[in-house]
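So this block is upload.tsv, TSV, C-alpha atoms:
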chain	number	residue	atom	x	y	z
A	1	MET	CA	-43.28	97.52	-151.21
A	2	LEU	CA	-46.47	98.85	-149.72
A	3	VAL	CA	-46.09	99.69	-146.03
A	4	GLU	CA	-49.34	101.51	-145.19
A	5	PHE	CA	-52.40	102.80	-147.03
A	6	SER	CA	-55.02	105.17	-145.61
A	7	ALA	CA	-58.32	106.33	-147.06
A	8	GLN	CA	-60.83	108.90	-145.80
A	9	ASN	CA	-64.17	109.89	-147.29
A	10	HIS	CA	-64.04	107.48	-150.22
A	11	ARG	CA	-67.14	105.40	-150.90
A	12	SER	CA	-68.00	103.54	-147.68
A	13	PHE	CA	-64.77	104.60	-145.95
A	14	ARG	CA	-65.90	107.73	-144.11
A	15	ASP	CA	-63.52	108.25	-141.19
A	16	LYS	CA	-59.83	107.68	-141.87
A	17	GLN	CA	-59.04	103.97	-142.08
A	18	SER	CA	-55.53	102.56	-142.32
A	19	PHE	CA	-54.31	99.25	-143.73
A	20	LEU	CA	-50.78	98.18	-142.74
A	21	MET	CA	-48.31	95.71	-144.23
A	22	THR	CA	-45.84	96.05	-141.36
A	23	ALA	CA	-44.90	93.00	-139.31
A	24	SER	CA	-45.15	93.11	-135.54
A	25	ASN	CA	-41.73	91.44	-135.25
A	26	SER	CA	-39.08	89.68	-137.31
A	27	GLY	CA	-40.56	86.28	-136.44
A	28	THR	CA	-43.88	87.00	-138.15
A	29	PRO	CA	-44.51	84.56	-141.02
A	30	ASN	CA	-43.71	86.00	-144.44
A	31	ALA	CA	-41.96	89.10	-143.02
A	32	VAL	CA	-38.88	90.43	-144.83
A	33	ALA	CA	-36.21	92.76	-143.48
A	34	THR	CA	-36.08	96.08	-145.34
A	35	GLY	CA	-33.00	97.79	-143.94
A	36	ASN	CA	-35.06	100.94	-143.34
A	37	ASN	CA	-35.70	101.99	-139.74
A	38	GLY	CA	-39.04	103.52	-140.73
A	39	ALA	CA	-40.42	100.05	-141.52
A	40	PRO	CA	-37.92	97.37	-140.43
A	41	HIS	CA	-40.06	94.35	-141.41
A	42	VAL	CA	-42.73	94.29	-144.10
A	43	LEU	CA	-45.14	91.52	-145.10
A	44	GLN	CA	-45.37	90.02	-148.56
A	45	LEU	CA	-48.97	88.83	-148.28
A	46	ALA	CA	-52.20	89.97	-146.66
A	47	CYS	CA	-55.84	88.94	-146.98
A	48	LEU	CA	-59.05	90.80	-146.17
A	49	PHE	CA	-62.36	89.25	-145.10
A	50	GLY	CA	-65.81	90.77	-144.87
A	51	ALA	CA	-69.44	90.32	-145.82
A	52	ASN	CA	-70.70	91.29	-149.26
A	53	GLY	CA	-70.99	95.07	-149.39
A	54	SER	CA	-68.73	95.57	-146.37
A	55	GLY	CA	-66.20	97.69	-148.24
A	56	LYS	CA	-63.52	95.20	-149.32
A	57	SER	CA	-63.79	96.21	-152.96
A	58	GLY	CA	-63.85	99.85	-151.86
A	59	LEU	CA	-60.36	99.49	-150.43
A	60	VAL	CA	-59.08	98.08	-153.71
A	61	ARG	CA	-60.84	100.91	-155.57
A	62	SER	CA	-59.11	103.43	-153.31
A	63	MET	CA	-55.70	102.06	-154.23
A	64	LYS	CA	-56.67	102.03	-157.89
A	65	SER	CA	-57.73	105.69	-157.63
A	66	VAL	CA	-54.31	106.67	-156.27
A	67	HIS	CA	-52.60	104.81	-159.11
A	68	SER	CA	-54.91	106.35	-161.70
A	69	LEU	CA	-54.70	109.94	-160.41
A	70	VAL	CA	-50.91	109.90	-160.17
A	71	ARG	CA	-50.59	108.44	-163.65
A	72	ASP	CA	-53.24	110.47	-165.49
A	73	SER	CA	-54.21	113.69	-163.68
A	74	PHE	CA	-51.66	115.75	-165.65
A	75	LYS	CA	-53.09	114.77	-169.04
A	76	ASN	CA	-56.77	114.28	-168.17
A	77	GLU	CA	-58.59	117.32	-166.78
A	78	GLU	CA	-61.66	115.19	-165.98
A	79	LYS	CA	-59.73	112.72	-163.84
A	80	LEU	CA	-60.65	114.29	-160.48
A	81	ILE	CA	-64.34	114.20	-161.32
A	82	GLU	CA	-64.05	110.57	-162.42
A	83	GLU	CA	-62.27	109.50	-159.23
A	84	TYR	CA	-64.19	111.59	-156.68
A	85	GLU	CA	-66.56	109.25	-154.82
A	86	PRO	CA	-67.25	110.70	-151.35
A	87	HIS	CA	-69.21	108.98	-148.59
A	88	LEU	CA	-72.87	109.72	-149.38
A	89	PHE	CA	-74.59	108.64	-146.18
A	90	HIS	CA	-73.60	111.55	-143.97
A	91	SER	CA	-74.27	115.20	-144.81
A	92	LYS	CA	-70.95	116.33	-143.32
A	93	TRP	CA	-68.93	114.18	-145.71
A	94	ARG	CA	-71.02	114.29	-148.89
A	95	ASN	CA	-69.16	117.27	-150.35
A	96	ALA	CA	-65.95	117.08	-148.33
A	97	PRO	CA	-62.55	116.23	-149.84
A	98	THR	CA	-61.37	112.66	-150.17
A	99	GLU	CA	-57.94	111.96	-148.70
A	100	PHE	CA	-55.47	109.19	-149.50
A	101	GLU	CA	-52.02	108.53	-148.08
A	102	VAL	CA	-49.65	105.77	-149.07
A	103	THR	CA	-46.34	104.84	-147.46
A	104	PHE	CA	-44.08	102.62	-149.53
A	105	LEU	CA	-40.51	101.38	-149.87
A	106	HIS	CA	-38.84	101.85	-153.22
A	107	ASP	CA	-35.25	102.10	-154.38
A	108	ASP	CA	-33.84	102.02	-150.84
A	109	SER	CA	-36.08	104.83	-149.51
A	110	LEU	CA	-39.30	104.99	-147.52
A	111	PHE	CA	-41.74	107.46	-149.11
A	112	GLN	CA	-44.84	108.95	-147.51
A	113	TYR	CA	-47.13	110.50	-150.14
A	114	GLY	CA	-50.68	111.76	-149.87
A	115	PHE	CA	-53.25	114.17	-151.21
A	116	ALA	CA	-56.78	115.46	-150.60
A	117	TYR	CA	-59.15	116.35	-153.44
A	118	ASP	CA	-62.71	116.83	-154.58
A	119	GLY	CA	-64.20	117.02	-158.06
A	120	GLU	CA	-62.83	120.52	-158.61
A	121	ARG	CA	-59.32	120.72	-157.16
A	122	ILE	CA	-56.44	119.23	-155.20
A	123	TRP	CA	-56.73	120.67	-151.69
A	124	GLU	CA	-53.50	119.28	-150.27
A	125	GLU	CA	-50.54	117.23	-151.47
A	126	TRP	CA	-47.37	116.15	-149.69
A	127	LEU	CA	-44.28	113.97	-150.09
A	128	PHE	CA	-41.69	112.94	-147.49
A	129	GLU	CA	-38.72	110.59	-147.87
A	130	ARG	CA	-36.65	108.56	-145.40
A	131	PRO	CA	-33.55	107.11	-147.14
A	132	SER	CA	-32.21	103.90	-145.62
A	133	ALA	CA	-28.70	105.36	-145.68
A	134	THR	CA	-29.41	108.46	-143.55
A	135	ARG	CA	-32.32	107.01	-141.52
A	136	LYS	CA	-33.79	110.52	-141.28
A	137	GLN	CA	-37.07	111.77	-142.73
A	138	ARG	CA	-36.98	114.80	-145.02
A	139	GLN	CA	-39.68	116.89	-146.60
A	140	ILE	CA	-39.67	116.98	-150.41
A	141	PHE	CA	-42.68	119.25	-150.88
A	142	THR	CA	-46.05	120.24	-149.43
A	143	ARG	CA	-48.92	122.08	-151.09
A	144	GLU	CA	-52.09	123.41	-149.43
A	145	TYR	CA	-54.94	125.46	-150.88
A	146	ASP	CA	-56.00	128.58	-148.95
A	147	PRO	CA	-59.63	129.48	-149.87
A	148	LYS	CA	-59.33	132.99	-148.39
A	149	ARG	CA	-56.42	133.86	-150.63
A	150	ASP	CA	-57.59	131.61	-153.47
A	151	ALA	CA	-54.01	130.43	-153.74
A	152	TYR	CA	-51.75	127.55	-152.80
A	153	GLN	CA	-49.16	127.67	-150.06
A	154	TRP	CA	-46.09	125.76	-151.28
A	155	GLU	CA	-43.04	124.49	-149.45
A	156	THR	CA	-40.36	122.80	-151.55
A	157	SER	CA	-36.92	121.57	-150.61
A	158	ALA	CA	-34.12	123.31	-152.49
A	159	THR	CA	-31.80	120.50	-151.37
A	160	HIS	CA	-33.94	117.48	-152.22
A	161	LEU	CA	-36.06	118.85	-155.09
A	162	LYS	CA	-33.46	120.33	-157.37
A	163	GLY	CA	-34.52	121.68	-160.73
A	164	GLU	CA	-37.04	124.11	-162.20
A	165	ARG	CA	-39.28	124.13	-159.13
A	166	GLN	CA	-41.06	127.40	-159.88
A	167	SER	CA	-41.75	126.33	-163.45
A	168	TRP	CA	-43.16	123.00	-162.26
A	169	ILE	CA	-45.37	124.80	-159.73
A	170	ALA	CA	-46.59	127.34	-162.29
A	171	GLN	CA	-47.62	124.57	-164.69
A	172	THR	CA	-49.48	122.50	-162.09
A	173	ARG	CA	-53.23	122.94	-162.57
A	174	LYS	CA	-55.57	123.05	-159.59
A	175	ASN	CA	-57.05	119.73	-160.75
A	176	ALA	CA	-53.73	117.95	-161.27
A	177	LEU	CA	-51.25	116.39	-158.88
A	178	PHE	CA	-47.83	118.00	-158.60
A	179	VAL	CA	-46.13	114.59	-158.69
A	180	SER	CA	-47.90	113.82	-161.96
A	181	THR	CA	-47.21	117.24	-163.49
A	182	ALA	CA	-43.58	117.64	-162.45
A	183	LYS	CA	-42.72	114.12	-163.64
A	184	GLN	CA	-44.06	114.95	-167.10
A	185	LEU	CA	-41.86	118.07	-167.03
A	186	ASN	CA	-38.78	115.92	-166.37
A	187	ALA	CA	-38.48	116.50	-162.63
A	188	GLU	CA	-35.80	113.90	-161.96
A	189	PRO	CA	-36.10	113.96	-158.11
A	190	LEU	CA	-39.72	112.76	-158.40
A	191	GLU	CA	-39.03	109.87	-160.77
A	192	ARG	CA	-38.64	107.24	-158.05
A	193	PRO	CA	-41.90	107.87	-156.15
A	194	PHE	CA	-43.78	108.38	-159.42
A	195	GLU	CA	-42.43	105.09	-160.75
A	196	TRP	CA	-43.76	103.06	-157.81
A	197	LEU	CA	-47.12	104.86	-157.61
A	198	SER	CA	-47.79	104.55	-161.35
A	199	THR	CA	-46.16	101.18	-162.04
A	200	GLY	CA	-45.26	99.32	-158.85
A	201	LEU	CA	-48.80	99.38	-157.42
A	202	ARG	CA	-51.04	97.06	-159.49
A	203	THR	CA	-54.76	96.53	-158.88
A	204	ILE	CA	-57.28	94.07	-160.31
A	205	LEU	CA	-60.84	94.97	-159.36
A	206	VAL	CA	-62.61	92.16	-161.16
A	207	VAL	CA	-60.82	89.02	-162.31
A	208	GLU	CA	-62.35	88.71	-165.75
A	209	PRO	CA	-61.95	85.32	-167.49
A	210	ILE	CA	-60.17	87.03	-170.39
A	211	ALA	CA	-56.42	87.12	-170.76
A	212	PRO	CA	-55.11	89.98	-172.91
A	213	TYR	CA	-51.88	90.51	-170.96
A	214	THR	CA	-50.99	86.86	-170.48
A	215	ALA	CA	-51.77	86.18	-174.14
A	216	SER	CA	-49.91	89.23	-175.47
A	217	ARG	CA	-46.54	87.78	-174.45
A	218	LEU	CA	-46.97	84.19	-175.63
A	219	ASP	CA	-44.64	84.85	-178.57
A	220	ASP	CA	-41.82	85.00	-175.99
A	221	ASP	CA	-40.68	81.37	-175.67
A	222	ASP	CA	-39.43	81.84	-172.10
A	223	TRP	CA	-42.68	83.49	-171.02
A	224	LYS	CA	-44.75	80.79	-172.70
A	225	GLY	CA	-42.68	78.07	-171.05
A	226	ARG	CA	-43.31	79.59	-167.64
A	227	VAL	CA	-47.04	79.91	-168.38
A	228	MET	CA	-47.22	76.23	-169.31
A	229	GLU	CA	-45.26	75.28	-166.17
A	230	PHE	CA	-47.64	77.38	-164.04
A	231	LEU	CA	-50.66	75.67	-165.57
A	232	ALA	CA	-49.13	72.22	-165.06
A	233	ASP	CA	-48.31	72.96	-161.42
A	234	ALA	CA	-51.94	74.01	-160.94
A	235	ASP	CA	-52.99	70.66	-162.52
A	236	LEU	CA	-54.33	72.11	-165.78
A	237	ARG	CA	-53.11	69.59	-168.30
A	238	LEU	CA	-52.83	71.53	-171.52
A	239	GLU	CA	-50.50	70.42	-174.29
A	240	ASP	CA	-50.17	73.91	-175.72
A	241	VAL	CA	-51.67	77.37	-175.82
A	242	GLU	CA	-51.39	79.89	-178.65
A	243	ALA	CA	-52.48	83.45	-179.32
A	244	GLU	CA	-53.23	84.73	-182.81
A	245	GLU	CA	-53.87	88.34	-183.72
A	246	ARG	CA	-56.93	88.90	-185.88
A	247	SER	CA	-59.54	91.48	-186.77
A	248	PHE	CA	-61.84	92.16	-183.82
A	249	LEU	CA	-64.83	92.01	-186.18
A	250	GLU	CA	-63.95	88.37	-186.90
A	251	SER	CA	-63.50	87.36	-183.27
A	252	PRO	CA	-65.99	85.17	-181.37
A	253	ASN	CA	-66.43	87.95	-178.80
A	254	PHE	CA	-67.82	90.20	-181.54
A	255	LYS	CA	-69.79	87.53	-183.41
A	256	ASN	CA	-71.54	86.42	-180.21
A	257	LEU	CA	-73.04	89.89	-179.75
A	258	SER	CA	-76.53	90.76	-180.97
A	259	LYS	CA	-76.79	92.63	-184.26
A	260	LYS	CA	-77.76	95.78	-182.38
A	261	GLN	CA	-74.71	95.48	-180.11
A	262	GLN	CA	-72.47	94.82	-183.11
A	263	LYS	CA	-73.75	97.95	-184.83
A	264	GLN	CA	-73.17	100.07	-181.72
A	265	LEU	CA	-69.67	98.70	-181.24
A	266	LYS	CA	-68.72	99.24	-184.88
A	267	SER	CA	-69.57	102.92	-184.52
A	268	ILE	CA	-66.95	103.44	-181.78
A	269	LEU	CA	-64.25	100.94	-182.75
A	270	PRO	CA	-61.15	102.40	-184.39
A	271	GLU	CA	-60.66	101.32	-187.99
A	272	GLY	CA	-58.77	98.05	-188.26
A	273	ALA	CA	-59.19	97.17	-184.57
A	274	ARG	CA	-57.31	93.97	-183.73
A	275	THR	CA	-57.59	91.45	-180.93
A	276	LEU	CA	-55.84	88.31	-179.75
A	277	GLU	CA	-57.62	85.01	-180.16
A	278	VAL	CA	-56.41	82.37	-177.70
A	279	ASN	CA	-56.61	78.66	-178.44
A	280	THR	CA	-55.71	75.78	-176.14
A	281	TYR	CA	-54.66	72.27	-177.16
A	282	ARG	CA	-55.07	68.83	-175.61
A	283	ASN	CA	-54.34	65.38	-176.96
A	284	ASP	CA	-57.18	63.16	-178.11
A	285	GLU	CA	-57.20	59.36	-177.63
A	286	THR	CA	-54.78	58.93	-180.54
A	287	GLY	CA	-52.30	61.43	-179.14
A	288	ALA	CA	-53.11	64.06	-181.74
A	289	LYS	CA	-53.27	67.69	-180.60
A	290	THR	CA	-56.85	68.96	-180.67
A	291	ARG	CA	-57.65	72.67	-180.60
A	292	LEU	CA	-60.24	74.31	-178.36
A	293	ASN	CA	-61.14	77.97	-178.50
A	294	PHE	CA	-60.36	79.78	-175.25
A	295	ASP	CA	-64.01	80.80	-174.84
A	296	ASP	CA	-64.93	77.11	-174.65
A	297	GLU	CA	-62.63	76.46	-171.69
A	298	SER	CA	-64.10	76.45	-168.19
A	299	THR	CA	-64.46	79.76	-166.37
A	300	GLY	CA	-61.94	78.58	-163.78
A	301	THR	CA	-59.33	77.75	-166.43
A	302	ARG	CA	-59.80	81.10	-168.15
A	303	THR	CA	-59.63	82.99	-164.85
A	304	LEU	CA	-56.41	81.27	-163.80
A	305	PHE	CA	-54.87	81.90	-167.23
A	306	ALA	CA	-55.83	85.58	-166.98
A	307	LEU	CA	-54.14	85.84	-163.57
A	308	ILE	CA	-50.90	84.18	-164.64
A	309	GLY	CA	-49.61	87.24	-166.50
A	310	PRO	CA	-50.08	89.82	-163.71
A	311	ILE	CA	-48.77	87.34	-161.12
A	312	MET	CA	-45.59	86.51	-163.04
A	313	ASP	CA	-45.05	90.18	-163.88
A	314	SER	CA	-45.34	91.10	-160.21
A	315	LEU	CA	-42.97	88.34	-159.11
A	316	ASP	CA	-40.44	89.31	-161.80
A	317	ASN	CA	-40.42	92.99	-160.85
A	318	GLY	CA	-41.23	93.09	-157.15
A	319	TYR	CA	-44.58	94.83	-157.68
A	320	THR	CA	-47.43	95.09	-155.18
A	321	LEU	CA	-50.43	93.26	-156.65
A	322	VAL	CA	-53.88	93.94	-155.14
A	323	VAL	CA	-56.69	91.64	-156.29
A	324	ASP	CA	-60.36	91.78	-155.39
A	325	GLU	CA	-61.93	88.33	-154.80
A	326	LEU	CA	-58.81	86.43	-155.83
A	327	ASN	CA	-60.45	83.04	-155.29
A	328	THR	CA	-63.42	83.68	-157.60
A	329	HIS	CA	-63.86	80.71	-159.99
A	330	LEU	CA	-60.65	79.09	-158.67
A	331	HIS	CA	-60.39	75.71	-156.99
A	332	PRO	CA	-59.21	76.15	-153.37
A	333	LEU	CA	-55.96	74.30	-154.15
A	334	ALA	CA	-55.21	76.59	-157.12
A	335	PHE	CA	-56.00	79.57	-154.91
A	336	ARG	CA	-53.60	78.40	-152.23
A	337	TYR	CA	-50.95	77.58	-154.85
A	338	ILE	CA	-50.94	81.25	-155.89
A	339	THR	CA	-50.54	82.49	-152.33
A	340	ARG	CA	-47.63	80.10	-151.72
A	341	MET	CA	-45.76	81.57	-154.68
A	342	PHE	CA	-45.58	84.93	-152.89
A	343	CYS	CA	-44.53	83.26	-149.63
A	344	SER	CA	-41.52	81.48	-151.11
A	345	SER	CA	-38.16	83.20	-151.59
A	346	ASN	CA	-37.49	80.82	-154.50
A	347	SER	CA	-40.53	81.94	-156.53
A	348	ASN	CA	-40.51	85.48	-155.07
A	349	PRO	CA	-36.87	86.63	-154.93
A	350	HIS	CA	-37.75	90.31	-155.56
A	351	LYS	CA	-40.07	90.63	-152.54
A	352	ALA	CA	-43.28	91.15	-154.48
A	353	GLN	CA	-46.47	91.52	-152.45
A	354	ILE	CA	-49.97	90.22	-152.96
A	355	ILE	CA	-53.00	91.65	-151.14
A	356	PHE	CA	-56.39	90.14	-151.80
A	357	THR	CA	-59.97	90.03	-150.63
A	358	THR	CA	-61.69	86.69	-150.22
A	359	HIS	CA	-64.51	84.80	-148.53
A	360	ASP	CA	-62.46	81.60	-148.18
A	361	PRO	CA	-60.92	81.42	-144.66
A	362	THR	CA	-59.14	78.12	-145.38
A	363	VAL	CA	-56.28	80.10	-146.91
A	364	THR	CA	-55.38	81.35	-143.41
A	365	GLU	CA	-54.31	77.81	-142.51
A	366	GLU	CA	-51.21	78.20	-144.68
A	367	ASP	CA	-48.03	78.24	-142.59
A	368	CYS	CA	-46.90	81.49	-144.18
A	369	ILE	CA	-50.00	83.43	-143.08
A	370	GLY	CA	-49.96	84.79	-139.54
A	371	ARG	CA	-52.18	87.05	-137.46
A	372	ASP	CA	-50.62	90.25	-138.84
A	373	GLN	CA	-51.71	89.29	-142.36
A	374	ILE	CA	-55.44	88.90	-141.70
A	375	TRP	CA	-57.73	91.92	-141.85
A	376	LEU	CA	-61.47	92.32	-141.29
A	377	VAL	CA	-63.70	94.82	-143.07
A	378	GLU	CA	-67.05	95.58	-141.46
A	379	LYS	CA	-69.75	98.09	-142.26
A	380	GLY	CA	-71.65	99.47	-139.28
A	381	ASP	CA	-75.26	100.57	-138.93
A	382	ASP	CA	-74.06	104.05	-139.96
A	383	LEU	CA	-73.05	102.54	-143.34
A	384	ALA	CA	-69.40	103.43	-142.77
A	385	SER	CA	-66.71	100.75	-143.24
A	386	ARG	CA	-64.00	100.02	-140.73
A	387	LEU	CA	-60.72	98.12	-141.06
A	388	VAL	CA	-59.74	95.93	-138.12
A	389	PRO	CA	-56.55	93.80	-137.96
A	390	PHE	CA	-57.10	90.29	-136.64
A	391	SER	CA	-54.08	90.88	-134.39
A	392	ASP	CA	-56.33	93.14	-132.28
A	393	TYR	CA	-58.20	90.05	-131.09
A	394	LYS	CA	-56.65	88.13	-128.22
A	395	THR	CA	-57.17	84.40	-128.66
A	396	ARG	CA	-55.72	81.33	-126.98
A	397	ASP	CA	-55.10	79.24	-130.08
A	398	GLU	CA	-52.35	80.09	-132.52
A	399	ARG	CA	-54.61	79.50	-135.54
A	400	PRO	CA	-58.17	80.15	-134.43
A	401	PHE	CA	-59.29	82.31	-137.31
A	402	ARG	CA	-61.22	79.98	-139.62
A	403	ARG	CA	-63.66	78.51	-137.09
A	404	GLY	CA	-64.04	81.73	-135.09
A	405	TYR	CA	-64.65	83.77	-138.22
A	406	MET	CA	-67.35	81.45	-139.53
A	407	GLN	CA	-68.97	81.53	-136.09
A	408	GLY	CA	-69.06	85.33	-136.25
A	409	ARG	CA	-66.76	85.86	-133.27
A	410	PHE	CA	-64.74	88.52	-135.07
A	411	GLY	CA	-67.55	90.19	-137.02
A	412	ALA	CA	-67.18	91.03	-140.73
A	413	VAL	CA	-69.69	88.29	-141.70
A	414	PRO	CA	-73.21	88.53	-143.13
A	415	ARG	CA	-76.09	88.67	-140.64
A	416	VAL	CA	-77.88	85.75	-142.22
A	417	ALA	CA	-81.23	84.80	-140.73
A	418	GLY	CA	-81.17	81.34	-139.17
What would you get if you wrote out this structure as structure tokens?
Amino acid sequence: MLVEFSAQNHRSFRDKQSFLMTASNSGTPNAVATGNNGAPHVLQLACLFGANGSGKSGLVRSMKSVHSLVRDSFKNEEKLIEEYEPHLFHSKWRNAPTEFEVTFLHDDSLFQYGFAYDGERIWEEWLFERPSATRKQRQIFTREYDPKRDAYQWETSATHLKGERQSWIAQTRKNALFVSTAKQLNAEPLERPFEWLSTGLRTILVVEPIAPYTASRLDDDDWKGRVMEFLADADLRLEDVEAEERSFLESPNFKNLSKKQQKQLKSILPEGARTLEVNTYRNDETGAKTRLNFDDESTGTRTLFALIGPIMDSLDNGYTLVVDELNTHLHPLAFRYITRMFCSSNSNPHKAQIIFTTHDPTVTEEDCIGRDQIWLVEKGDDLASRLVPFSDYKTRDERPFRRGYMQGRFGAVPRVAG
């Protein structure tokens, strides 16, 4: 479970900004007990509000960068360059390192992991662990680059990082993370944090109305049954849905392209490229099943279908799912149905989390969403974004957010001319 995420000098986040999933007390809606004294109660849902261009998507991108760098920096020497996006609107920060830190609960331990980097190298990297059993924090490793010596200063724990430490260090490139490198070299003590950072943290930057993951598992009868139940609960009355593998060159997505686009795509597609074609079925007036190609369904239907797979996967495995503009193309009731799934212990027995950005404040009227779970993202005149928890505002009413937000009392809204 995500406990805290911090970003500095990434896109519009200039100064260090921290986003927390900790509950202020055990009575906070949607808070679960963790058994770890480092984060006794953690939330399963949080939502972020802000004007267009305020930095909401930037926060999701930051989390995606952490996931991507941990997973791929060992095998992709260009990964740092791809993920280095410093704040451009201040000369001090334009060429400075970006820094991320993430604190998370996984496998009965609280991990604190972070790193600083630019397009050329990792400047710092660190990992600490607080097991629930011992309740004490311990250092696993730290790494810091010294420009004067043109070398890294390493500190590794002989007790908690057993194995070929010197070999792992020697094989860690300046533009690769140690966690990523050592895991590929079978460093067993780093398997647990690597697993959560590379698998347990899931991000969706743009909810595209395509459904490769949901469709790819429709041959599993249990999965398909749950998909159909999800659609029915969201009031999408489909009789059936099927996915058929076929040549990409024969798919509607390819045929709908211009001849110039088709020629360009053919030049880069691997030979024999395949894709899944999704078809939905409804009954006509005689009761006969009638097929409709997925591309002919409404954008809202396709978006919801695309989300079903990642949502069910997260609920099944206790992942942290971060979605930008979750409500895009969705009816408000379908949107709120999704949030309720993460609030219920029946549908969310593995304590999965969902974090999303949205412009729809009606979702905050759900009983399972309290003050701790509402965040505001605002960009100042200096073009730097700031994260502010709604709990910082003292209000008389228990649920004042929707009206006050739309009135601009809490900021993080567009300055629209009246």
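Distances from A:Leu376, A:Asp295, A:Asp146, A:Gly35 to Asn256 of chain A were compared using only C-alpha atoms, and the smallest one belongs to A:Asp295.
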Hey, what's within 10 Å of Arg94 of chain A if we count all atoms listed in the file and toss same-chain stuff fewer than 4 positions away? As a ChimeraX atom specification, please?
-> /A:9-11,14,85-90,98
Rounded to one decimal place, report the atom CA of His331 of chain A-atom CA of Ala232 of chain A distance in Å.
-> 14.3 Å
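Going from atom CA of Phe141 of chain A over to atom CA of Gly119 of chain A, you cover 22.8 Å.
Closest approach to Met63 of chain A among A:Val377, A:Leu276, A:Ile204, A:Leu218: A:Ile204, based on only C-alpha atoms.
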Please rebuild segment 188-204 of chain A with N, CA and C atoms and return the result as a PDB file, keeping the file's coordinate frame.
ATOM      1  N   GLU A 188     -36.533 115.124-162.287  1.00  0.00           N
ATOM      2  CA  GLU A 188     -35.800 113.900-161.960  1.00  0.00           C
ATOM      3  C   GLU A 188     -35.952 113.469-160.500  1.00  0.00           C
ATOM      4  N   PRO A 189     -35.971 114.399-159.511  1.00  0.00           N
ATOM      5  CA  PRO A 189     -36.100 113.960-158.110  1.00  0.00           C
ATOM      6  C   PRO A 189     -37.411 113.238-157.792  1.00  0.00           C
ATOM      7  N   LEU A 190     -38.422 113.400-158.659  1.00  0.00           N
ATOM      8  CA  LEU A 190     -39.720 112.760-158.400  1.00  0.00           C
ATOM      9  C   LEU A 190     -39.909 111.467-159.189  1.00  0.00           C
ATOM     10  N   GLU A 191     -38.892 111.068-159.940  1.00  0.00           N
ATOM     11  CA  GLU A 191     -39.030 109.870-160.770  1.00  0.00           C
ATOM     12  C   GLU A 191     -39.253 108.614-159.946  1.00  0.00           C
ATOM     13  N   ARG A 192     -38.532 108.481-158.836  1.00  0.00           N
ATOM     14  CA  ARG A 192     -38.640 107.240-158.050  1.00  0.00           C
ATOM     15  C   ARG A 192     -40.011 107.065-157.417  1.00  0.00           C
ATOM     16  N   PRO A 193     -40.543 108.073-156.691  1.00  0.00           N
ATOM     17  CA  PRO A 193     -41.900 107.870-156.150  1.00  0.00           C
ATOM     18  C   PRO A 193     -42.953 107.735-157.242  1.00  0.00           C
ATOM     19  N   PHE A 194     -42.811 108.493-158.329  1.00  0.00           N
ATOM     20  CA  PHE A 194     -43.780 108.380-159.420  1.00  0.00           C
ATOM     21  C   PHE A 194     -43.749 106.978-160.021  1.00  0.00           C
ATOM     22  N   GLU A 195     -42.562 106.421-160.163  1.00  0.00           N
ATOM     23  CA  GLU A 195     -42.430 105.090-160.750  1.00  0.00           C
ATOM     24  C   GLU A 195     -43.208 104.055-159.945  1.00  0.00           C
ATOM     25  N   TRP A 196     -43.056 104.065-158.606  1.00  0.00           N
ATOM     26  CA  TRP A 196     -43.760 103.060-157.810  1.00  0.00           C
ATOM     27  C   TRP A 196     -45.260 103.297-157.826  1.00  0.00           C
ATOM     28  N   LEU A 197     -45.687 104.550-157.677  1.00  0.00           N
ATOM     29  CA  LEU A 197     -47.120 104.860-157.610  1.00  0.00           C
ATOM     30  C   LEU A 197     -47.827 104.561-158.925  1.00  0.00           C
ATOM     31  N   SER A 198     -47.155 104.736-160.041  1.00  0.00           N
ATOM     32  CA  SER A 198     -47.790 104.550-161.350  1.00  0.00           C
ATOM     33  C   SER A 198     -47.558 103.167-161.936  1.00  0.00           C
ATOM     34  N   THR A 199     -46.520 102.472-161.459  1.00  0.00           N
ATOM     35  CA  THR A 199     -46.160 101.180-162.040  1.00  0.00           C
ATOM     36  C   THR A 199     -46.080 100.074-160.994  1.00  0.00           C
ATOM     37  N   GLY A 200     -45.486 100.361-159.847  1.00  0.00           N
ATOM     38  CA  GLY A 200     -45.260  99.320-158.850  1.00  0.00           C
ATOM     39  C   GLY A 200     -46.487  98.888-158.092  1.00  0.00           C
ATOM     40  N   LEU A 201     -47.534  99.724-158.084  1.00  0.00           N
ATOM     41  CA  LEU A 201     -48.800  99.380-157.420  1.00  0.00           C
ATOM     42  C   LEU A 201     -49.786  98.930-158.488  1.00  0.00           C
ATOM     43  N   ARG A 202     -50.150  97.650-158.481  1.00  0.00           N
ATOM     44  CA  ARG A 202     -51.040  97.060-159.490  1.00  0.00           C
ATOM     45  C   ARG A 202     -52.343  96.619-158.830  1.00  0.00           C
ATOM     46  N   THR A 203     -53.472  96.929-159.443  1.00  0.00           N
ATOM     47  CA  THR A 203     -54.760  96.530-158.880  1.00  0.00           C
ATOM     48  C   THR A 203     -55.605  95.816-159.920  1.00  0.00           C
ATOM     49  N   ILE A 204     -56.311  94.787-159.468  1.00  0.00           N
ATOM     50  CA  ILE A 204     -57.280  94.070-160.310  1.00  0.00           C
ATOM     51  C   ILE A 204     -58.593  94.075-159.554  1.00  0.00           C
TER      52      ILE A 204
END
